Structures are given as C-alpha cells and as structure tokens.
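Everything on this sheet refers to the single structure shown next.
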Amino acid sequence: TIRYEAAVACGLLGDDFSVSHLIVLLKDEDLEVQQAAVRALGLIGGPQAKHALNGCLEMDDEVIQQLAQESLDMLAFDDNPLGVGYDS
C-alpha cells in the first residue's frame, strides 16, 4: 500500500520531521504498515522515536514488540558502539 511505501521511504530518508507521521502509523489497521513504521522509527532515532518504540513494547502484537526491541537495541548500539562508560 501507499502508507507502507511511505513509511519505508521515511525510514530510508532518516528525516526527523517524519517521526510524528510514523507514530500515527503505529495504530494503522494494516499490520505491515505498523511494522514498517516501527522499522522506520528505528532507522531515524531521536528521543521522540525512542519514546514511541518503548510504547510499542507494550502493544499486543509480538512481532511489533520484537521489531521495537530490535530497533531500540540498534539505536542503543548506534549511540555508543563500544559500550564506553557502561559498567559490565
């Protein structure tokens, strides 16, 4: 669908402006659109995207939860790839 393709494109572009639009798509009726929005938020990052992804961890769909966790893990790695400053 067009919404799916738009979500994918937003993630690839990485534009912070699209985060609020992607958050709306997290409630879309089409599960594939929701999944594309989660992936796109993970690619874009930033505080608003992270907050939305954390909210996805509470959603009923296990696939969405898993994608959100993978996206958050990827963002955490991108923020600190060597784990510097973290206690092990």
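Residue names in the structure tokens use chain letters A, B, ... in the order shown, residue numbers from 1 in each chain, and ligand numbers from 1 in the order shown.
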
Excluding Leu31 in chain A and its own-chain neighbours fewer than 2 positions away, which residues fall within 12 Å of it when counting only C-alpha atoms? Please give them as a list in words. Thr1, Arg3, Tyr4, Leu25, Leu26, Lys27, Asp28, Glu29, Val33, Gln34, Gln35, Ala36, Ala37, Val38, Asp60, Asp61, Glu62, Val63 and Ile64 of chain A

Polymer residues at most 8 Å from Gly42 in chain A, only C-alpha atoms, same-chain spacing of 5 or more positions, as a ChimeraX atom specification: /A:11,49-50,53,68,71-72,74-75

Could you write those residues out with C-alpha atoms, as a JSON list (two decimals), in the first residue's frame?
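Everything below was put into out-v1.json:
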```json
[["chain", "number", "residue", "atom", "x", "y", "z"],
["A", 11, "GLY", "CA", 12.98, 5.45, 7.34],
["A", 49, "ALA", "CA", 11.18, 7.86, 18.09],
["A", 50, "LYS", "CA", 12.69, 6.07, 21.10],
["A", 53, "LEU", "CA", 9.36, 2.43, 20.25],
["A", 68, "ALA", "CA", 10.58, -2.42, 18.53],
["A", 71, "SER", "CA", 15.14, -1.14, 16.82],
["A", 72, "LEU", "CA", 15.85, 0.09, 20.35],
["A", 74, "MET", "CA", 20.16, -0.89, 17.27],
["A", 75, "LEU", "CA", 19.70, 2.72, 18.42]]
```

Determine, counting only C-alpha atoms, which protein, DNA and RNA residues have an atom within 10 Å of an atom of range 15-18 of chain A; residues of the same chain fewer than 6 positions away are not included. Present the result as a PDB file with N, CA and C atoms, in the first residue's frame.
```pdb
ATOM      1  N   ALA A   6       5.359   4.653   2.023  1.00  0.00           N
ATOM      2  CA  ALA A   6       5.707   5.953   2.618  1.00  0.00           C
ATOM      3  C   ALA A   6       6.504   5.756   3.906  1.00  0.00           C
ATOM      4  N   ALA A   7       6.099   4.797   4.727  1.00  0.00           N
ATOM      5  CA  ALA A   7       6.823   4.533   5.970  1.00  0.00           C
ATOM      6  C   ALA A   7       8.241   4.056   5.680  1.00  0.00           C
ATOM      7  N   ALA A   9      10.018   4.646   2.999  1.00  0.00           N
ATOM      8  CA  ALA A   9      10.767   5.781   2.450  1.00  0.00           C
ATOM      9  C   ALA A   9      11.191   6.748   3.554  1.00  0.00           C
ATOM     10  N   ALA A  40      11.093   2.060  10.516  1.00  0.00           N
ATOM     11  CA  ALA A  40      11.489   3.420  10.129  1.00  0.00           C
ATOM     12  C   ALA A  40      11.875   4.242  11.355  1.00  0.00           C
ATOM     13  N   LEU A  41      11.109   4.127  12.432  1.00  0.00           N
ATOM     14  CA  LEU A  41      11.456   4.850  13.656  1.00  0.00           C
ATOM     15  C   LEU A  41      12.817   4.404  14.173  1.00  0.00           C
ATOM     16  N   LEU A  43      15.289   3.389  12.343  1.00  0.00           N
ATOM     17  CA  LEU A  43      16.316   3.957  11.465  1.00  0.00           C
ATOM     18  C   LEU A  43      16.538   5.441  11.729  1.00  0.00           C
ATOM     19  N   ILE A  44      15.465   6.148  12.069  1.00  0.00           N
ATOM     20  CA  ILE A  44      15.549   7.598  12.276  1.00  0.00           C
ATOM     21  C   ILE A  44      16.126   7.928  13.646  1.00  0.00           C
ATOM     22  N   GLY A  45      15.611   7.276  14.685  1.00  0.00           N
ATOM     23  CA  GLY A  45      16.102   7.527  16.039  1.00  0.00           C
ATOM     24  C   GLY A  45      15.641   8.865  16.598  1.00  0.00           C
ATOM     25  N   GLY A  46      16.282   9.271  17.664  1.00  0.00           N
ATOM     26  CA  GLY A  46      15.923  10.501  18.355  1.00  0.00           C
ATOM     27  C   GLY A  46      14.989  10.207  19.518  1.00  0.00           C
ATOM     28  N   GLN A  48      11.959  11.275  20.428  1.00  0.00           N
ATOM     29  CA  GLN A  48      10.545  11.013  20.143  1.00  0.00           C
ATOM     30  C   GLN A  48      10.361   9.608  19.561  1.00  0.00           C
ATOM     31  N   ALA A  49      11.251   9.201  18.674  1.00  0.00           N
ATOM     32  CA  ALA A  49      11.179   7.861  18.092  1.00  0.00           C
ATOM     33  C   ALA A  49      11.424   6.798  19.162  1.00  0.00           C
TER      34      ALA A  49
END
```
